[in-house]
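To keep things clear, I will list the structure first and then write my remarks on it.
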Amino acid sequence: MFGALYAAEGTSIDVLIDVAAEFSPRYEINGPRDVTLDLSGLARLFGSAHAIATELQRTAAERGLDIAVAIAGTQTAARLLAARAFTAREMADRDRLRQGYGGPPKLHAKAEGPPRNVIVVDPEGEADALAPLPLSLLADSNELATFRKWGLRTLGDVAALPPDAVAARLGQEGVRWQRLARGEDPRPLLPAVPDERFEQALDLEWPIDGLEPLSFVLGRLLEPLAAHLDRRGRGAAVLHIRLHLVTRAVHERALQLPAPMKDARTLRTLALLDLESHPPAAAIDRVVVAVDPTPARVLQFSLLTRPLPSPEQLSTLMARLSALMGEERCGSPVAVDSWEPGKFAMQPFTPRDVNVIHSHGPRRHGSTETNFSDLRVSVSPWPVGANSVSVALRRFRIPVPARVRMEQGRPIRVITDRRGLAGGLGTGGVTRCAGPWRTAGNWWTEGTWERDEWDVTLSDGATYRVFRDRGTDAWFLEGVVD
Amino acid sequence: MPHPAVAVLESALRVRKLDRTLTTTLQPGKGEGLVAPTDAAALDALLNGGLPRGELSEIAGPRSSGRTTLLLQVIAAATRRGEIAAIVDTFDRLDLASVVAAGIDPDRLLWIRGEASSPADRALERALKALNLVLQSGGFGVAAIDLADAPPAALNRLPFTTWMRVQRTIEGSETACLLVGPHPLARSAGGLTISLAAGSRWAGHADRSRRLAGLDVTVRVVSPRRRVEGEATLGAQVQYSGG
């Protein structure tokens, strides 16, 4: 036995869900004003189906809801009847207002005088109850348009058609619509799962100061949280830590995790490393840990290639490296849209394993579709196995000031003040040179650069790239060809 | 003495060829899986397939000897195989244009940048800690530390046990650890020491038409315990691009 609740437009779905949840844990949300619930077994508590419907109506009214209730043997019949009851009442109310007539609304209700907007259909009577309802109650589709062209106006008209003839003309879709018109369910009820809070809190008897005692507290909170996530097949997408301090201030941190995680040790390490960089200002007397859940990862590794480190390992590594070297100093290099020599940016290190299938749900087997944009094969522009490679430059991130002596427009000596570098504390005679290679850019903005580059081999045997800034006429060492 | 029933079972399995697993069936290739190839034919031939995994190898040579070129070549080969690589850039010398020109997939490269302005001892200490973290994390095909610009005095102050510790950390792992320095430092018992020397190659005779064409790198492998010894020549070209 199923019940359907249909509410007025603008009704809060949360209140409607509350009403449904009071009667049954198995309810399905069909739309913003339409909820179906499984009422099996409630007759022992309330008595008849009619009593259940009345109680539902009363509970909704207590919460300020104006709803129609229908109870039938199938979800489809209950939903259609509830929707019809509500719209019929709305039309009747409009007519009364227009004509000043206060007669009863025309509802297909039971004869024994149920309250307004309450419909109860006897078992096996769904098709008969639905028969007079208009076809417009079903969602619009090509098949329904065809039914209308055939002159069918009610659900009963559609239900009465021979199914094999409908299948021959409209295929399985037509048969599906016909079953709906008869009040048959296309699938079982899919109960809604209420949102779960993944949060743990601990009030401390004595305030704690420092990260070491906090690590034990975090471990105690994160272990049940991780177990809860594991039970629900979820992973943490964001880890929230709220530390209530003795100064009544709240120290909050939110860690965006690169992949869903549920390992308590990893989460604790990440939280501690973050708090090391951003410590609380005072002692802590309450610790709250919460996570934003997300579907857990499903991974299929390859037998043929080496697996990449897990996201937990990588996150921990990156957090430790960031704490050691600085956040902006660890990651993958990425080119920026500029011709300025040495320009680059850093991005988080998140290597993608081309052999691992990431899935957040079941995948259809036997699919032959191939999305070619998803296939990335690393192809080198240079032949593998060739005995020739590209020369690298060791770049001075801050160019080293140099003094360059020119003769006949070419550098003959390069001297720097830096110990150990070319010409440093010694002679820097140029043995070979090539240039100048003139480059310029950003002349349309403030960050303009214009320079003449030279490749020079000095008497120490090393080859350097030097340049003259044409704006300031100063010379610099840009890097070493190595 | 095994139980007779066990012996019978084992012989039955042998008859049906069920006494082997996938890993025992696959014959390891000649050095394959144990080395990280550099994808430079002459060098791989010289190194018996590539740099040994689970060992600390080093590239040593003076300035402009092709140390960085060879390092990037090793990393490029690793990323082409789908592995990930890490480089601890002690003095922040890596050039992105060179990385891309070498054929490295930047998404697979973890670049840990030291600070060039910090004192050498402090920079070395942090770089070594970062390398240890990377090696302990595992999963990297190649992990390198660049000490090429470290002052000799600072390198000499490093305890000799530093490199033994690194060696112990990666023993048995599939990471090829690479140390780039001005001269041999680690003297690892298991890894290779690659000594480099190079001369710059110029194209064009006239002053105005001359350009740097590349480096002619002579690679000498010094590793008597691994029975790998010899020389090879590697040509490195300068990639010029127009804009």
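Residues are referred to by chain and number: the chain letter is A, B, ... according to the order shown in the structure tokens, the number counts from 1 in that chain, and ligands are numbered separately from 1 in the order shown.
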Trp111 in chain B surroundings by only C-alpha atoms, 7 Å radius, close-in-sequence under 2 positions cut, as a list in words: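 So the residues in contact are Cys330, Gly331, Ser332 and Pro333 of chain A; Ala86, Ile87, Val88, Leu109 and Arg113 of chain B.
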For C-alpha atoms, I'd like the residues from the last selection saved as an mmCIF file, in the first residue's frame.
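part_36.cif was written with the following content:
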data_model
loop_
_atom_site.group_PDB
_atom_site.id
_atom_site.type_symbol
_atom_site.label_atom_id
_atom_site.label_comp_id
_atom_site.auth_asym_id
_atom_site.auth_seq_id
_atom_site.Cartn_x
_atom_site.Cartn_y
_atom_site.Cartn_z
ATOM 1 C CA CYS A 330 56.166 22.598 -4.644
ATOM 2 C CA GLY A 331 54.072 21.426 -7.564
ATOM 3 C CA SER A 332 54.170 20.994 -11.308
ATOM 4 C CA PRO A 333 55.445 23.727 -13.607
ATOM 5 C CA ALA B 86 60.467 14.422 -8.769
ATOM 6 C CA ILE B 87 63.291 16.890 -8.839
ATOM 7 C CA VAL B 88 64.559 18.654 -5.746
ATOM 8 C CA LEU B 109 56.958 16.232 -12.745
ATOM 9 C CA ARG B 113 62.076 24.540 -5.548
#
In range 26-209 of chain A, what's alpha helix (DSSP H) per DSSP? Answer as a PyMOL selection string? chain A and resi 43-46+49-62+75-99+126-130+142-149+155-159+163-181
Please provide the set of residues having any atom within 9 Å of Leu70 in chain B, restricted to only C-alpha atoms, with same-chain residues fewer than 2 positions apart removed, written as a list in words.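 Residues meeting the cut-off are Val389, Val391, Ala392 and Asp482 of chain A; Thr38, Ile59, Gly66, Arg67, Thr68, Leu72, Gln73, Val74 and Ile75 of chain B.
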Would you put the residues from that selection into a file with C-alpha atoms, as a PDB file, in the first residue's frame?
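Output (result19.pdb):
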ATOM      1  CA  VAL A 389      68.880  15.464 -26.946  1.00  0.00           C
ATOM      2  CA  VAL A 391      70.375  21.274 -24.484  1.00  0.00           C
ATOM      3  CA  ALA A 392      69.159  22.568 -21.141  1.00  0.00           C
ATOM      4  CA  ASP A 482      74.368  22.808 -19.232  1.00  0.00           C
TER       5      ASP A 482
ATOM      6  CA  THR B  38      67.361   7.050 -20.504  1.00  0.00           C
ATOM      7  CA  ILE B  59      75.870  12.638 -12.512  1.00  0.00           C
ATOM      8  CA  GLY B  66      75.634  18.522 -19.891  1.00  0.00           C
ATOM      9  CA  ARG B  67      74.562  17.545 -16.361  1.00  0.00           C
ATOM     10  CA  THR B  68      71.164  19.216 -16.541  1.00  0.00           C
ATOM     11  CA  LEU B  72      66.143  16.146 -17.982  1.00  0.00           C
ATOM     12  CA  GLN B  73      66.642  13.357 -20.517  1.00  0.00           C
ATOM     13  CA  VAL B  74      66.299  10.736 -17.770  1.00  0.00           C
ATOM     14  CA  ILE B  75      63.172  12.426 -16.398  1.00  0.00           C
TER      15      ILE B  75
END
Could you tell me how far CA of Glu126 in chain A lies from CA of Gly73 in chain A, in Å and to one decimal? 7.1 Å
Long-range neighbours of Asp128 in chain A as a ChimeraX atom specification, 9 Å cut-off, only C-alpha atoms, 3 positions minimum in chain: /A:124-125,131-132,156,182
Include N, CA and C atoms and write out the residues we just selected as a short mmCIF file (atom, residue, chain, number, x, y, z; two decimals), in the first residue's frame.
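For reference, selection-v1.cif as written:
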data_model
loop_
_atom_site.label_atom_id
_atom_site.label_comp_id
_atom_site.auth_asym_id
_atom_site.auth_seq_id
_atom_site.Cartn_x
_atom_site.Cartn_y
_atom_site.Cartn_z
N GLU A 124 -6.85 -3.49 -5.99
CA GLU A 124 -7.26 -3.93 -7.33
C GLU A 124 -8.21 -2.93 -8.00
N GLY A 125 -8.49 -1.84 -7.33
CA GLY A 125 -9.42 -0.88 -7.94
C GLY A 125 -8.72 0.30 -8.59
N ALA A 131 -9.52 5.54 -14.39
CA ALA A 131 -10.14 5.58 -15.72
C ALA A 131 -10.73 6.94 -16.11
N PRO A 132 -11.42 7.62 -15.23
CA PRO A 132 -12.01 8.90 -15.68
C PRO A 132 -11.04 10.08 -15.69
N GLY A 156 -8.49 5.95 -18.86
CA GLY A 156 -9.25 4.73 -19.12
C GLY A 156 -9.26 4.39 -20.60
N ARG A 182 -2.86 2.52 -16.53
CA ARG A 182 -3.59 1.51 -15.74
C ARG A 182 -3.22 1.56 -14.27
#
Once you count only C-alpha atoms, which residues of chain A turn out to be within 7 Å of chain B? Could you give them as a PyMOL selection string? chain A and resi 308-309+313+317+321+325+329-334+342+344+349+351+378+380+384-397+434+455+462-463+480-482
Pull N, CA, C and O atoms from the residues just selected and write them as a compact mmCIF listing (two decimals), in the first residue's frame.
# COMPACT_ATOMS: atom_id res chain seq x y z
N LEU A 308 50.52 4.63 -9.76
CA LEU A 308 50.96 5.89 -9.16
C LEU A 308 50.71 5.82 -7.66
O LEU A 308 49.92 5.00 -7.20
N PRO A 309 51.37 6.69 -6.89
CA PRO A 309 51.06 6.72 -5.46
C PRO A 309 49.59 7.07 -5.25
O PRO A 309 49.02 7.80 -6.07
N GLN A 313 48.73 9.15 -0.19
CA GLN A 313 50.19 9.30 -0.10
C GLN A 313 50.62 10.64 -0.68
O GLN A 313 51.45 11.34 -0.09
N LEU A 317 52.41 13.70 1.21
CA LEU A 317 53.72 14.16 0.74
C LEU A 317 53.69 15.65 0.44
O LEU A 317 54.59 16.40 0.86
N LEU A 321 55.86 18.51 2.19
CA LEU A 321 56.79 19.32 1.40
C LEU A 321 56.44 20.81 1.50
O LEU A 321 57.33 21.66 1.58
N MET A 325 59.12 23.47 2.52
CA MET A 325 59.68 24.38 1.52
C MET A 325 58.83 25.63 1.29
O MET A 325 59.30 26.61 0.72
N ARG A 329 56.19 26.61 -3.50
CA ARG A 329 57.46 26.12 -4.04
C ARG A 329 57.44 24.64 -4.38
O ARG A 329 58.47 24.06 -4.69
N CYS A 330 56.27 24.02 -4.29
CA CYS A 330 56.17 22.60 -4.64
C CYS A 330 54.97 22.41 -5.58
O CYS A 330 53.90 22.94 -5.30
N GLY A 331 55.17 21.69 -6.63
CA GLY A 331 54.07 21.43 -7.56
C GLY A 331 54.62 21.11 -8.93
O GLY A 331 55.79 20.75 -9.10
N SER A 332 53.75 21.23 -9.92
CA SER A 332 54.17 20.99 -11.31
C SER A 332 54.32 22.34 -12.00
O SER A 332 53.51 23.24 -11.78
N PRO A 333 55.32 22.47 -12.87
CA PRO A 333 55.45 23.73 -13.61
C PRO A 333 54.40 23.80 -14.70
O PRO A 333 54.00 22.78 -15.27
N VAL A 334 53.96 24.98 -14.98
CA VAL A 334 53.01 25.17 -16.07
C VAL A 334 53.38 26.44 -16.82
O VAL A 334 53.76 27.44 -16.22
N GLY A 342 61.82 32.77 -19.03
CA GLY A 342 61.78 32.34 -17.64
C GLY A 342 60.43 32.42 -16.98
O GLY A 342 60.30 32.09 -15.81
N PHE A 344 56.89 31.35 -15.76
CA PHE A 344 56.20 30.09 -15.51
C PHE A 344 55.26 30.27 -14.33
O PHE A 344 55.28 31.31 -13.68
N PHE A 349 50.47 19.38 -7.82
CA PHE A 349 50.96 18.15 -8.45
C PHE A 349 49.89 17.08 -8.33
O PHE A 349 49.68 16.51 -7.26
N PRO A 351 49.21 14.11 -10.71
CA PRO A 351 49.39 13.31 -11.93
C PRO A 351 48.17 12.43 -12.17
O PRO A 351 47.55 11.94 -11.23
N SER A 378 51.01 9.86 -24.34
CA SER A 378 52.16 10.75 -24.32
C SER A 378 53.07 10.39 -25.49
O SER A 378 53.63 9.31 -25.55
N SER A 380 56.26 11.63 -27.73
CA SER A 380 57.36 12.58 -27.73
C SER A 380 57.58 13.11 -29.13
O SER A 380 57.49 12.36 -30.11
N VAL A 384 62.47 8.31 -29.78
CA VAL A 384 63.01 7.60 -28.63
C VAL A 384 64.19 6.76 -29.11
O VAL A 384 64.11 6.10 -30.13
N GLY A 385 65.25 6.79 -28.35
CA GLY A 385 66.41 6.00 -28.72
C GLY A 385 67.40 6.79 -29.56
O GLY A 385 68.47 6.31 -29.85
N ALA A 386 67.04 8.00 -29.96
CA ALA A 386 67.97 8.82 -30.72
C ALA A 386 69.12 9.20 -29.81
O ALA A 386 68.98 9.27 -28.60
N ASN A 387 70.24 9.46 -30.41
CA ASN A 387 71.41 9.76 -29.62
C ASN A 387 71.61 11.25 -29.46
O ASN A 387 72.70 11.72 -29.22
N SER A 388 70.58 12.01 -29.66
CA SER A 388 70.70 13.45 -29.57
C SER A 388 69.56 14.00 -28.71
O SER A 388 68.43 13.55 -28.83
N VAL A 389 69.89 14.92 -27.85
CA VAL A 389 68.88 15.46 -26.95
C VAL A 389 68.94 16.98 -27.00
O VAL A 389 69.80 17.57 -27.65
N SER A 390 67.99 17.61 -26.31
CA SER A 390 67.92 19.06 -26.33
C SER A 390 68.75 19.65 -25.18
O SER A 390 68.68 19.16 -24.05
N VAL A 391 69.51 20.66 -25.50
CA VAL A 391 70.37 21.27 -24.48
C VAL A 391 69.53 22.01 -23.46
O VAL A 391 68.55 22.68 -23.80
N ALA A 392 69.91 21.91 -22.21
CA ALA A 392 69.16 22.57 -21.14
C ALA A 392 69.89 23.82 -20.67
O ALA A 392 71.11 23.94 -20.82
N LEU A 393 69.13 24.70 -20.10
CA LEU A 393 69.69 25.92 -19.52
C LEU A 393 69.46 25.87 -18.02
O LEU A 393 68.37 25.52 -17.56
N ARG A 394 70.47 26.21 -17.26
CA ARG A 394 70.28 26.38 -15.81
C ARG A 394 70.06 27.86 -15.59
O ARG A 394 70.97 28.67 -15.80
N ARG A 395 68.86 28.20 -15.19
CA ARG A 395 68.47 29.62 -15.17
C ARG A 395 68.66 30.20 -13.78
O ARG A 395 68.27 29.58 -12.78
N PHE A 396 69.26 31.38 -13.73
CA PHE A 396 69.31 32.13 -12.47
C PHE A 396 67.96 32.81 -12.32
O PHE A 396 67.61 33.66 -13.15
N ARG A 397 67.20 32.41 -11.29
CA ARG A 397 65.84 32.95 -11.16
C ARG A 397 65.90 34.47 -11.04
O ARG A 397 65.06 35.18 -11.59
N ALA A 434 78.01 34.44 -29.62
CA ALA A 434 77.03 34.58 -30.70
C ALA A 434 75.93 35.50 -30.22
O ALA A 434 75.50 35.42 -29.08
N ASP A 455 75.08 34.38 -26.38
CA ASP A 455 75.62 33.13 -25.85
C ASP A 455 77.13 33.29 -25.87
O ASP A 455 77.71 33.59 -26.93
N ALA A 462 82.95 27.17 -19.66
CA ALA A 462 81.50 27.11 -19.53
C ALA A 462 80.85 28.10 -20.50
O ALA A 462 81.42 29.13 -20.83
N THR A 463 79.64 27.74 -20.91
CA THR A 463 78.89 28.59 -21.84
C THR A 463 77.72 29.21 -21.08
O THR A 463 76.97 28.50 -20.41
N VAL A 480 73.23 29.27 -17.32
CA VAL A 480 74.36 28.50 -17.82
C VAL A 480 73.82 27.42 -18.74
O VAL A 480 72.86 26.71 -18.38
N VAL A 481 74.40 27.31 -19.93
CA VAL A 481 74.03 26.22 -20.83
C VAL A 481 74.67 24.95 -20.26
O VAL A 481 75.88 24.88 -20.09
N ASP A 482 73.83 23.98 -19.93
CA ASP A 482 74.37 22.81 -19.23
C ASP A 482 73.59 21.58 -19.68
O ASP A 482 73.18 20.79 -18.93
From the set B:Thr193, B:Asn48, B:Ser11, B:Asn132, which residue has the shortest atom-to-atom contact distance to Arg168 in chain B, counting only C-alpha atoms?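 Among the listed residues, B:Asn132 lies closest to Arg168 in chain B.
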Filtered DSSP result for range 87-161 of chain B, state strand (DSSP E or B), as a PyMOL selection string: chain B and resi 87-89+109-113+142-146
CA of Gly210 in chain A to CA of Thr247 in chain A, distance in Å rounded to a single decimal: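 Going from CA of Gly210 in chain A over to CA of Thr247 in chain A covers 15.4 Å.
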Nearest to Leu324 in chain A by atom-to-atom distance, counting only C-alpha atoms, from B:Ala12, B:Arg165, B:Glu125, B:Leu147: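 The shortest atom-to-atom distance to Leu324 in chain A comes from B:Glu125.
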Can you pull out every residue within 10 Å of Ala271 in chain A, counting only C-alpha atoms, but drop anything in the same chain fewer than 6 positions away, and send it as a PDB file with C-alpha atoms, in the first residue's frame?
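This went into out-v8.pdb:
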ATOM      1  CA  SER A 215      47.006  14.875  17.548  1.00  0.00           C
ATOM      2  CA  LEU A 218      42.135  14.370  16.367  1.00  0.00           C
ATOM      3  CA  LEU A 239      37.907  18.325   6.030  1.00  0.00           C
ATOM      4  CA  HIS A 240      36.682  21.031   8.414  1.00  0.00           C
ATOM      5  CA  ILE A 241      38.387  21.563  11.745  1.00  0.00           C
ATOM      6  CA  ARG A 253      40.425  25.465   8.964  1.00  0.00           C
ATOM      7  CA  ALA A 254      39.066  23.799   5.832  1.00  0.00           C
ATOM      8  CA  LEU A 255      41.260  21.397   3.874  1.00  0.00           C
ATOM      9  CA  ARG A 265      45.756   8.422   9.728  1.00  0.00           C
ATOM     10  CA  VAL A 289      35.865  17.737  13.075  1.00  0.00           C
ATOM     11  CA  THR A 316      50.513  13.696   2.725  1.00  0.00           C
ATOM     12  CA  ALA A 319      51.494  18.717   2.777  1.00  0.00           C
TER      13      ALA A 319
END
Give me, please, the distance in Å between CA of Phe86 in chain A and CA of Ser48 in chain A, quoted to one decimal. 22.3 Å
